[in-house]
>>> print(open('model.csv').read())   # CSV, N, CA and C atoms
chain,number,residue,atom,x,y,z
I,1,VAL,N,-23.8,-57.6,-29.4
I,1,VAL,CA,-22.9,-58.2,-30.3
I,1,VAL,C,-23.6,-58.9,-31.4
I,2,TRP,N,-24.7,-59.6,-31.0
I,2,TRP,CA,-25.5,-60.3,-32.0
I,2,TRP,C,-26.0,-59.3,-33.1
I,3,LEU,N,-26.3,-58.1,-32.8
I,3,LEU,CA,-26.7,-57.1,-33.8
I,3,LEU,C,-25.6,-56.9,-34.9
I,4,LEU,N,-24.3,-57.0,-34.5
I,4,LEU,CA,-23.2,-56.8,-35.4
I,4,LEU,C,-23.2,-57.8,-36.5
I,5,TRP,N,-23.6,-59.0,-36.3
I,5,TRP,CA,-23.6,-60.0,-37.3
I,5,TRP,C,-25.0,-60.1,-38.1
I,6,SER,N,-26.0,-59.6,-37.4
I,6,SER,CA,-27.3,-59.7,-38.0
I,6,SER,C,-27.7,-58.4,-38.8
I,7,ALA,N,-27.0,-57.3,-38.5
I,7,ALA,CA,-27.4,-56.1,-39.1
I,7,ALA,C,-27.0,-56.0,-40.5
I,8,PRO,N,-27.9,-55.7,-41.4
I,8,PRO,CA,-27.6,-55.7,-42.9
I,8,PRO,C,-26.8,-54.5,-43.3
I,9,GLY,N,-25.7,-54.6,-44.0
I,9,GLY,CA,-25.0,-53.5,-44.6
I,9,GLY,C,-24.4,-52.5,-43.6
I,10,ALA,N,-23.8,-51.5,-44.1
I,10,ALA,CA,-23.0,-50.5,-43.3
I,10,ALA,C,-24.0,-49.7,-42.4
I,11,ALA,N,-25.2,-49.4,-42.8
I,11,ALA,CA,-26.1,-48.7,-42.0
I,11,ALA,C,-26.5,-49.5,-40.8
I,12,GLY,N,-26.6,-50.8,-40.9
I,12,GLY,CA,-26.9,-51.7,-39.8
I,12,GLY,C,-25.7,-51.8,-38.9
I,13,TRP,N,-24.5,-51.8,-39.4
I,13,TRP,CA,-23.3,-51.8,-38.6
I,13,TRP,C,-23.2,-50.6,-37.7
I,14,ASP,N,-23.5,-49.4,-38.4
I,14,ASP,CA,-23.4,-48.2,-37.7
I,14,ASP,C,-24.4,-48.1,-36.5
I,15,GLY,N,-25.6,-48.6,-36.8
I,15,GLY,CA,-26.6,-48.6,-35.7
I,15,GLY,C,-26.2,-49.6,-34.6
I,16,ALA,N,-25.7,-50.7,-35.0
I,16,ALA,CA,-25.3,-51.7,-33.9
I,16,ALA,C,-24.2,-51.2,-33.1
I,17,LEU,N,-23.2,-50.6,-33.7
I,17,LEU,CA,-22.1,-50.0,-33.0
I,17,LEU,C,-22.5,-48.9,-32.1
I,18,THR,N,-23.4,-48.1,-32.6
I,18,THR,CA,-23.9,-47.0,-31.8
I,18,THR,C,-24.7,-47.5,-30.6
I,19,ALA,N,-25.5,-48.5,-30.8
I,19,ALA,CA,-26.2,-49.1,-29.7
I,19,ALA,C,-25.3,-49.8,-28.6
I,20,LEU,N,-24.2,-50.5,-29.1
I,20,LEU,CA,-23.3,-51.1,-28.2
I,20,LEU,C,-22.5,-50.0,-27.4
I,21,ARG,N,-22.1,-49.0,-28.1
I,21,ARG,CA,-21.4,-47.9,-27.4
I,21,ARG,C,-22.3,-47.2,-26.4
I,22,GLY,N,-23.6,-47.0,-26.7
I,22,GLY,CA,-24.5,-46.4,-25.8
I,22,GLY,C,-24.7,-47.3,-24.5
I,23,TYR,N,-24.9,-48.6,-24.8
I,23,TYR,CA,-25.1,-49.5,-23.7
I,23,TYR,C,-23.8,-49.5,-22.8
I,24,ALA,N,-22.6,-49.6,-23.4
I,24,ALA,CA,-21.4,-49.6,-22.6
I,24,ALA,C,-21.2,-48.3,-21.8
I,25,ILE,N,-21.6,-47.2,-22.4
I,25,ILE,CA,-21.5,-45.9,-21.7
I,25,ILE,C,-22.4,-45.9,-20.5
I,26,ALA,N,-23.6,-46.3,-20.7
I,26,ALA,CA,-24.6,-46.3,-19.6
I,26,ALA,C,-24.2,-47.3,-18.4
I,27,VAL,N,-23.8,-48.5,-18.8
I,27,VAL,CA,-23.4,-49.4,-17.7
I,27,VAL,C,-22.2,-49.0,-17.0
I,28,LEU,N,-21.2,-48.5,-17.7
I,28,LEU,CA,-20.0,-48.0,-17.1
I,28,LEU,C,-20.3,-46.8,-16.2
I,29,SER,N,-21.1,-45.9,-16.6
I,29,SER,CA,-21.5,-44.8,-15.7
I,29,SER,C,-22.3,-45.3,-14.5
I,30,PHE,N,-23.1,-46.4,-14.6
I,30,PHE,CA,-23.8,-47.0,-13.5
I,30,PHE,C,-22.9,-47.6,-12.5
I,31,VAL,N,-21.9,-48.4,-13.0
I,31,VAL,CA,-21.0,-49.1,-12.0
I,31,VAL,C,-20.1,-48.1,-11.4
I,32,ALA,N,-19.7,-47.1,-12.1
I,32,ALA,CA,-18.8,-46.0,-11.5
I,32,ALA,C,-19.7,-45.3,-10.4
I,33,GLY,N,-20.9,-45.1,-10.7
I,33,GLY,CA,-21.8,-44.4,-9.8
I,33,GLY,C,-22.0,-45.2,-8.5
I,34,ILE,N,-22.0,-46.5,-8.6
I,34,ILE,CA,-22.1,-47.4,-7.4
I,34,ILE,C,-20.9,-47.1,-6.5
I,35,ARG,N,-19.7,-47.0,-7.1
I,35,ARG,CA,-18.5,-46.7,-6.3
I,35,ARG,C,-18.6,-45.3,-5.6
I,36,TRP,N,-19.2,-44.3,-6.4
I,36,TRP,CA,-19.3,-43.0,-5.9
I,36,TRP,C,-20.3,-43.0,-4.7
I,37,GLY,N,-21.4,-43.7,-4.9
I,37,GLY,CA,-22.3,-43.8,-3.7
I,37,GLY,C,-21.7,-44.5,-2.5
I,38,GLY,N,-20.9,-45.5,-2.8
I,38,GLY,CA,-20.3,-46.2,-1.7
I,38,GLY,C,-19.3,-45.4,-0.9
I,39,ALA,N,-18.8,-44.3,-1.6
I,39,ALA,CA,-17.8,-43.5,-0.9
I,39,ALA,C,-18.4,-42.8,0.3
I,40,PHE,N,-19.7,-42.7,0.4
I,40,PHE,CA,-20.3,-42.1,1.6
I,40,PHE,C,-20.0,-42.9,2.9
I,41,LEU,N,-19.8,-44.2,2.7
I,41,LEU,CA,-19.5,-45.1,3.8
I,41,LEU,C,-18.0,-45.3,4.1
I,42,SER,N,-17.2,-44.6,3.3
I,42,SER,CA,-15.7,-44.8,3.4
I,42,SER,C,-15.0,-43.6,4.0
I,43,ASP,N,-13.9,-43.9,4.7
I,43,ASP,CA,-13.0,-42.9,5.2
I,43,ASP,C,-12.1,-42.3,4.1
I,44,LYS,N,-12.2,-43.0,2.9
I,44,LYS,CA,-11.4,-42.5,1.8
I,44,LYS,C,-12.3,-41.7,0.8
I,45,ALA,N,-13.4,-41.2,1.3
I,45,ALA,CA,-14.4,-40.6,0.5
I,45,ALA,C,-13.9,-39.6,-0.6
I,46,PRO,N,-13.1,-38.6,-0.2
I,46,PRO,CA,-12.7,-37.6,-1.2
I,46,PRO,C,-11.9,-38.3,-2.4
I,47,ARG,N,-11.0,-39.2,-2.1
I,47,ARG,CA,-10.3,-39.9,-3.2
I,47,ARG,C,-11.2,-40.7,-4.0
I,48,VAL,N,-12.1,-41.5,-3.4
I,48,VAL,CA,-13.1,-42.3,-4.1
I,48,VAL,C,-14.0,-41.5,-4.9
I,49,PHE,N,-14.5,-40.4,-4.4
I,49,PHE,CA,-15.4,-39.5,-5.2
I,49,PHE,C,-14.7,-39.0,-6.5
I,50,LEU,N,-13.4,-38.6,-6.3
I,50,LEU,CA,-12.7,-38.2,-7.5
I,50,LEU,C,-12.5,-39.3,-8.5
I,51,LEU,N,-11.9,-40.4,-8.0
I,51,LEU,CA,-11.6,-41.5,-8.9
I,51,LEU,C,-12.9,-42.1,-9.6
I,52,SER,N,-14.0,-42.1,-8.9
I,52,SER,CA,-15.2,-42.8,-9.4
I,52,SER,C,-15.8,-42.0,-10.6
I,53,VAL,N,-15.5,-40.7,-10.8
I,53,VAL,CA,-16.1,-40.0,-11.9
I,53,VAL,C,-15.3,-40.2,-13.2
I,54,ILE,N,-14.0,-40.6,-13.0
I,54,ILE,CA,-13.1,-40.7,-14.2
I,54,ILE,C,-13.7,-41.7,-15.2
I,55,PRO,N,-14.1,-42.9,-14.8
I,55,PRO,CA,-14.6,-43.8,-15.8
I,55,PRO,C,-15.8,-43.3,-16.6
I,56,SER,N,-16.7,-42.6,-15.9
I,56,SER,CA,-17.9,-42.0,-16.6
I,56,SER,C,-17.5,-41.0,-17.6
I,57,LEU,N,-16.5,-40.1,-17.2
I,57,LEU,CA,-16.1,-39.1,-18.1
I,57,LEU,C,-15.4,-39.7,-19.3
I,58,LEU,N,-14.5,-40.7,-19.1
I,58,LEU,CA,-13.9,-41.3,-20.2
I,58,LEU,C,-14.9,-42.0,-21.2
I,59,ALA,N,-15.9,-42.6,-20.6
I,59,ALA,CA,-16.9,-43.3,-21.4
I,59,ALA,C,-17.7,-42.3,-22.2
I,60,TRP,N,-18.1,-41.2,-21.6
I,60,TRP,CA,-18.9,-40.2,-22.4
I,60,TRP,C,-18.1,-39.5,-23.5
I,61,MET,N,-16.8,-39.4,-23.3
I,61,MET,CA,-15.9,-38.8,-24.3
I,61,MET,C,-15.9,-39.7,-25.6
I,62,THR,N,-16.1,-40.9,-25.4
I,62,THR,CA,-16.0,-41.8,-26.6
I,62,THR,C,-17.1,-41.6,-27.6
I,63,VAL,N,-18.1,-40.8,-27.2
I,63,VAL,CA,-19.2,-40.4,-28.2
I,63,VAL,C,-18.6,-39.7,-29.4
I,64,PHE,N,-17.5,-39.0,-29.2
I,64,PHE,CA,-16.9,-38.1,-30.2
I,64,PHE,C,-15.8,-38.8,-31.0
I,65,LEU,N,-15.6,-40.1,-30.7
I,65,LEU,CA,-14.4,-40.8,-31.3
I,65,LEU,C,-14.9,-41.8,-32.4
I,66,PRO,N,-14.0,-42.2,-33.3
I,66,PRO,CA,-14.3,-43.3,-34.2
I,66,PRO,C,-14.7,-44.5,-33.5
I,67,PRO,N,-15.6,-45.4,-34.1
I,67,PRO,CA,-16.1,-46.5,-33.4
I,67,PRO,C,-15.1,-47.5,-32.8
I,68,VAL,N,-14.1,-47.9,-33.5
I,68,VAL,CA,-13.1,-48.9,-33.0
I,68,VAL,C,-12.3,-48.3,-31.8
I,69,LEU,N,-11.9,-47.0,-32.0
I,69,LEU,CA,-11.2,-46.4,-30.9
I,69,LEU,C,-12.1,-46.3,-29.7
I,70,ALA,N,-13.3,-45.9,-29.9
I,70,ALA,CA,-14.3,-45.7,-28.8
I,70,ALA,C,-14.5,-47.1,-28.0
I,71,LEU,N,-14.7,-48.1,-28.8
I,71,LEU,CA,-14.9,-49.4,-28.2
I,71,LEU,C,-13.6,-49.9,-27.4
I,72,ALA,N,-12.5,-49.6,-28.0
I,72,ALA,CA,-11.2,-50.0,-27.3
I,72,ALA,C,-11.1,-49.2,-26.0
I,73,ILE,N,-11.4,-47.9,-26.0
I,73,ILE,CA,-11.3,-47.2,-24.7
I,73,ILE,C,-12.3,-47.6,-23.7
I,74,LEU,N,-13.5,-47.9,-24.2
I,74,LEU,CA,-14.6,-48.5,-23.3
I,74,LEU,C,-14.1,-49.8,-22.7
I,75,ALA,N,-13.5,-50.7,-23.5
I,75,ALA,CA,-13.1,-52.0,-23.0
I,75,ALA,C,-12.0,-51.8,-21.9
I,76,MET,N,-11.1,-50.9,-22.2
I,76,MET,CA,-10.0,-50.7,-21.2
I,76,MET,C,-10.5,-50.1,-19.9
I,77,THR,N,-11.5,-49.1,-20.1
I,77,THR,CA,-12.1,-48.5,-18.9
I,77,THR,C,-12.9,-49.5,-18.1
I,78,PHE,N,-13.7,-50.3,-18.8
I,78,PHE,CA,-14.4,-51.4,-18.1
I,78,PHE,C,-13.5,-52.3,-17.3
I,79,ALA,N,-12.4,-52.7,-18.0
I,79,ALA,CA,-11.4,-53.6,-17.3
I,79,ALA,C,-10.8,-52.9,-16.1
I,80,ALA,N,-10.5,-51.7,-16.2
I,80,ALA,CA,-9.9,-50.9,-15.1
I,80,ALA,C,-10.9,-50.8,-13.9
I,81,GLN,N,-12.1,-50.4,-14.3
I,81,GLN,CA,-13.2,-50.3,-13.2
I,81,GLN,C,-13.4,-51.6,-12.6
I,82,GLY,N,-13.5,-52.7,-13.4
I,82,GLY,CA,-13.7,-54.0,-12.9
I,82,GLY,C,-12.6,-54.4,-11.9
I,83,ALA,N,-11.4,-54.2,-12.3
I,83,ALA,CA,-10.2,-54.5,-11.5
I,83,ALA,C,-10.3,-53.8,-10.2
I,84,TRP,N,-10.6,-52.5,-10.2
I,84,TRP,CA,-10.7,-51.7,-9.0
I,84,TRP,C,-11.8,-52.2,-8.1
I,85,ASP,N,-12.9,-52.6,-8.7
I,85,ASP,CA,-14.0,-53.2,-7.9
I,85,ASP,C,-13.6,-54.6,-7.2
I,86,VAL,N,-13.0,-55.4,-8.0
I,86,VAL,CA,-12.5,-56.7,-7.5
I,86,VAL,C,-11.5,-56.5,-6.4
I,87,ILE,N,-10.6,-55.6,-6.6
I,87,ILE,CA,-9.5,-55.4,-5.5
I,87,ILE,C,-10.2,-54.8,-4.3
I,88,ALA,N,-11.2,-53.9,-4.5
I,88,ALA,CA,-11.9,-53.3,-3.4
I,88,ALA,C,-12.6,-54.4,-2.6
I,89,ALA,N,-13.2,-55.4,-3.3
I,89,ALA,CA,-13.9,-56.5,-2.6
I,89,ALA,C,-12.9,-57.3,-1.8
I,90,GLN,N,-11.7,-57.6,-2.4
I,90,GLN,CA,-10.7,-58.4,-1.7
I,90,GLN,C,-10.2,-57.6,-0.5
I,91,ASN,N,-10.2,-56.3,-0.5
I,91,ASN,CA,-9.7,-55.5,0.6
I,91,ASN,C,-10.8,-55.2,1.7
I,92,GLY,N,-12.0,-55.7,1.4
I,92,GLY,CA,-13.1,-55.5,2.3
I,92,GLY,C,-13.8,-54.2,2.2
I,93,GLU,N,-13.5,-53.4,1.2
I,93,GLU,CA,-14.1,-52.1,1.0
I,93,GLU,C,-15.5,-52.1,0.4
I,94,VAL,N,-15.8,-53.2,-0.3
I,94,VAL,CA,-17.1,-53.5,-0.8
I,94,VAL,C,-17.4,-54.9,-0.5
I,95,PRO,N,-18.7,-55.3,-0.5
I,95,PRO,CA,-19.0,-56.7,-0.3
I,95,PRO,C,-18.3,-57.7,-1.2
I,96,ALA,N,-18.0,-58.9,-0.7
I,96,ALA,CA,-17.3,-59.9,-1.6
I,96,ALA,C,-18.2,-60.3,-2.8
I,97,TRP,N,-19.5,-60.4,-2.6
I,97,TRP,CA,-20.4,-60.8,-3.7
I,97,TRP,C,-20.3,-59.8,-4.8
I,98,TYR,N,-20.1,-58.5,-4.4
I,98,TYR,CA,-20.0,-57.4,-5.5
I,98,TYR,C,-18.8,-57.6,-6.3
I,99,GLY,N,-17.7,-58.0,-5.7
I,99,GLY,CA,-16.5,-58.2,-6.5
I,99,GLY,C,-16.6,-59.4,-7.4
I,100,GLU,N,-17.3,-60.4,-7.0
I,100,GLU,CA,-17.5,-61.6,-7.8
I,100,GLU,C,-18.5,-61.2,-9.0
I,101,LEU,N,-19.5,-60.5,-8.7
I,101,LEU,CA,-20.4,-60.0,-9.8
I,101,LEU,C,-19.7,-59.1,-10.8
I,102,ARG,N,-18.9,-58.2,-10.3
I,102,ARG,CA,-18.2,-57.3,-11.2
I,102,ARG,C,-17.2,-58.1,-12.0
I,103,MET,N,-16.6,-59.1,-11.5
I,103,MET,CA,-15.7,-59.9,-12.3
I,103,MET,C,-16.4,-60.5,-13.5
I,104,ARG,N,-17.6,-61.1,-13.2
I,104,ARG,CA,-18.4,-61.7,-14.3
I,104,ARG,C,-18.8,-60.7,-15.3
I,105,ILE,N,-19.4,-59.6,-14.8
I,105,ILE,CA,-19.8,-58.6,-15.7
I,105,ILE,C,-18.7,-58.0,-16.6
I,106,THR,N,-17.5,-57.8,-16.0
I,106,THR,CA,-16.4,-57.3,-16.7
I,106,THR,C,-16.0,-58.2,-17.8
I,107,VAL,N,-15.9,-59.5,-17.5
I,107,VAL,CA,-15.5,-60.4,-18.5
I,107,VAL,C,-16.5,-60.4,-19.7
I,108,LEU,N,-17.7,-60.4,-19.4
I,108,LEU,CA,-18.8,-60.4,-20.4
I,108,LEU,C,-18.7,-59.1,-21.3
I,109,VAL,N,-18.7,-58.0,-20.6
I,109,VAL,CA,-18.7,-56.7,-21.4
I,109,VAL,C,-17.5,-56.5,-22.2
I,110,VAL,N,-16.3,-56.7,-21.5
I,110,VAL,CA,-15.0,-56.5,-22.3
I,110,VAL,C,-15.0,-57.5,-23.4
I,111,GLY,N,-15.4,-58.8,-23.2
I,111,GLY,CA,-15.5,-59.7,-24.3
I,111,GLY,C,-16.3,-59.3,-25.4
I,112,ALA,N,-17.5,-58.7,-25.1
I,112,ALA,CA,-18.4,-58.3,-26.2
I,112,ALA,C,-17.8,-57.1,-26.9
I,113,LEU,N,-17.2,-56.2,-26.2
I,113,LEU,CA,-16.5,-55.1,-26.9
I,113,LEU,C,-15.4,-55.5,-27.8
I,114,LEU,N,-14.6,-56.5,-27.3
I,114,LEU,CA,-13.5,-57.0,-28.1
I,114,LEU,C,-14.0,-57.7,-29.4
I,115,VAL,N,-15.1,-58.5,-29.2
I,115,VAL,CA,-15.7,-59.1,-30.4
I,115,VAL,C,-16.2,-58.1,-31.4
I,116,ALA,N,-16.8,-57.0,-30.9
I,116,ALA,CA,-17.2,-55.9,-31.8
I,116,ALA,C,-16.1,-55.2,-32.5
I,117,ILE,N,-15.0,-55.0,-31.8
I,117,ILE,CA,-13.8,-54.5,-32.4
I,117,ILE,C,-13.2,-55.4,-33.5
I,118,ILE,N,-13.1,-56.6,-33.2
I,118,ILE,CA,-12.6,-57.6,-34.2
I,118,ILE,C,-13.6,-57.7,-35.4
I,119,ALA,N,-14.9,-57.7,-35.1
I,119,ALA,CA,-15.9,-57.8,-36.2
I,119,ALA,C,-15.9,-56.6,-37.1
I,120,HIS,N,-15.6,-55.4,-36.5
I,120,HIS,CA,-15.7,-54.2,-37.2
I,120,HIS,C,-14.4,-53.9,-38.0
I,121,GLY,N,-13.3,-54.4,-37.4
I,121,GLY,CA,-11.9,-54.0,-37.9
I,121,GLY,C,-11.5,-54.9,-38.9
>>> encode(input="model.csv", output="structure tokens")
Amino acid sequence: VWLLWSAPGAAGWDGALTALRGYAIAVLSFVAGIRWGGAFLSDKAPRVFLLSVIPSLLAWMTVFLPPVLALAILAMTFAAQGAWDVIAAQNGEVPAWYGELRMRITVLVVGALLVAIIAHG
């Protein structure tokens, strides 16, 4: 997000938004992959395998969208993935510490994406 304010001109904005989008896609794919890997320990494995690839697919589709729309979809997908992880922690499906960590990460990342949307829009 710091890049958005420090980047000079439109070219700097485009580069900063591209970097933020790439970072969001990578992190969202990573946290979705954690859930996919955790499905091996679950009796709900087929459902979790299927659901855990959706955030990554949505994230990667944003490469082809205009920046503000892409950032909005990434923010919503991060929020949904974070909520799923927090609820899973509350239900004992993942460790409690992971739910707490995911809550913090979700607030930070969604906040950064929203700041970028506001700054760009």
>>> select_by_dssp(input="model.csv", residues="chain I", states="alpha helix (DSSP H)", output="NGL selection string")
:I and (2-6 or 9-38 or 45-61 or 67-90 or 96-120)
>>> residues_around(input="model.csv", residues="Leu113 (chain I)", least_positions_apart="6", cutoff="8 Å", atoms="only N, CA and C atoms", output="list in words")
Val1, Leu20, Leu71, Ala72, Leu74, Ala75, Val107 and Ala119 of chain I
>>> residues_around(input="model.csv", residues="region 93-103 of chain I", least_positions_apart="6", cutoff="6 Å", atoms="all atoms listed in the file", output="ChimeraX atom specification")
/I:82,85-86
>>> atom_distance(input="model.csv", atom1="atom C of Val63 (chain I)", atom2="atom N of His120 (chain I)")
17.5 Å
>>> atom_distance(input="model.csv", atom1="atom N of Ala32 (chain I)", atom2="atom C of Ala45 (chain I)")
14.9 Å
>>> atom_distance(input="model.csv", atom1="CA of Ile73 (chain I)", atom2="CA of Lys44 (chain I)")
26.9 Å
>>> closest_residue(input="model.csv", among="I:Ile25, I:Leu41, I:Ala83, I:Ala89", to="Ala59 (chain I)", atoms="only N, CA and C atoms")
I:Ile25
>>> residues_around(input="model.csv", residues="region 50-53 of chain I", least_positions_apart="2", cutoff="6 Å", atoms="only C-alpha atoms", output="list in words")
Ala32, Arg35, Trp36, Arg47, Val48, Pro55 and Ser56 of chain I
>>> decode(input="model.csv", residues="region 61-112 of chain I", atoms="C-alpha atoms", output="PDB file, in the first residue's frame")
ATOM      1  CA  MET I  61      -8.933 -14.930 -12.588  1.00  0.00           C
ATOM      2  CA  THR I  62      -8.396 -11.374 -11.332  1.00  0.00           C
ATOM      3  CA  VAL I  63      -5.272 -11.139 -13.501  1.00  0.00           C
ATOM      4  CA  PHE I  64      -7.616 -10.474 -16.428  1.00  0.00           C
ATOM      5  CA  LEU I  65      -9.789  -7.849 -14.722  1.00  0.00           C
ATOM      6  CA  PRO I  66      -9.500  -4.084 -14.307  1.00  0.00           C
ATOM      7  CA  PRO I  67      -7.516  -3.163 -11.172  1.00  0.00           C
ATOM      8  CA  VAL I  68     -10.321  -1.909  -8.909  1.00  0.00           C
ATOM      9  CA  LEU I  69     -12.609  -4.842  -9.724  1.00  0.00           C
ATOM     10  CA  ALA I  70      -9.717  -7.259  -9.227  1.00  0.00           C
ATOM     11  CA  LEU I  71      -8.825  -5.778  -5.846  1.00  0.00           C
ATOM     12  CA  ALA I  72     -12.480  -5.880  -4.753  1.00  0.00           C
ATOM     13  CA  ILE I  73     -12.792  -9.560  -5.702  1.00  0.00           C
ATOM     14  CA  LEU I  74      -9.519 -10.326  -3.931  1.00  0.00           C
ATOM     15  CA  ALA I  75     -10.715  -8.518  -0.793  1.00  0.00           C
ATOM     16  CA  MET I  76     -14.008 -10.425  -0.774  1.00  0.00           C
ATOM     17  CA  THR I  77     -12.265 -13.741  -1.419  1.00  0.00           C
ATOM     18  CA  PHE I  78      -9.739 -13.067   1.358  1.00  0.00           C
ATOM     19  CA  ALA I  79     -12.579 -12.212   3.729  1.00  0.00           C
ATOM     20  CA  ALA I  80     -14.459 -15.389   2.832  1.00  0.00           C
ATOM     21  CA  GLN I  81     -11.360 -17.577   3.168  1.00  0.00           C
ATOM     22  CA  GLY I  82     -10.518 -15.912   6.477  1.00  0.00           C
ATOM     23  CA  ALA I  83     -14.048 -16.452   7.793  1.00  0.00           C
ATOM     24  CA  TRP I  84     -13.909 -20.105   6.743  1.00  0.00           C
ATOM     25  CA  ASP I  85     -10.590 -20.551   8.547  1.00  0.00           C
ATOM     26  CA  VAL I  86     -11.804 -18.803  11.724  1.00  0.00           C
ATOM     27  CA  ILE I  87     -15.005 -20.867  11.798  1.00  0.00           C
ATOM     28  CA  ALA I  88     -12.973 -24.023  11.210  1.00  0.00           C
ATOM     29  CA  ALA I  89     -10.781 -23.114  14.192  1.00  0.00           C
ATOM     30  CA  GLN I  90     -13.855 -22.511  16.348  1.00  0.00           C
ATOM     31  CA  ASN I  91     -15.196 -25.943  15.313  1.00  0.00           C
ATOM     32  CA  GLY I  92     -11.888 -27.656  16.133  1.00  0.00           C
ATOM     33  CA  GLU I  93     -11.161 -28.538  12.486  1.00  0.00           C
ATOM     34  CA  VAL I  94      -7.892 -26.575  12.536  1.00  0.00           C
ATOM     35  CA  PRO I  95      -5.788 -25.425  15.496  1.00  0.00           C
ATOM     36  CA  ALA I  96      -7.144 -22.451  17.448  1.00  0.00           C
ATOM     37  CA  TRP I  97      -3.893 -20.505  16.942  1.00  0.00           C
ATOM     38  CA  TYR I  98      -4.394 -20.772  13.176  1.00  0.00           C
ATOM     39  CA  GLY I  99      -7.834 -19.186  13.420  1.00  0.00           C
ATOM     40  CA  GLU I 100      -6.393 -16.300  15.426  1.00  0.00           C
ATOM     41  CA  LEU I 101      -3.537 -15.843  12.970  1.00  0.00           C
ATOM     42  CA  ARG I 102      -5.897 -15.944  10.003  1.00  0.00           C
ATOM     43  CA  MET I 103      -8.133 -13.321  11.595  1.00  0.00           C
ATOM     44  CA  ARG I 104      -5.184 -10.940  11.947  1.00  0.00           C
ATOM     45  CA  ILE I 105      -3.877 -11.622   8.453  1.00  0.00           C
ATOM     46  CA  THR I 106      -7.354 -11.221   6.969  1.00  0.00           C
ATOM     47  CA  VAL I 107      -7.910  -7.855   8.634  1.00  0.00           C
ATOM     48  CA  LEU I 108      -4.514  -6.584   7.439  1.00  0.00           C
ATOM     49  CA  VAL I 109      -4.790  -7.830   3.878  1.00  0.00           C
ATOM     50  CA  VAL I 110      -8.431  -6.833   3.347  1.00  0.00           C
ATOM     51  CA  GLY I 111      -7.620  -3.455   4.869  1.00  0.00           C
ATOM     52  CA  ALA I 112      -4.677  -2.974   2.495  1.00  0.00           C
TER      53      ALA I 112
END
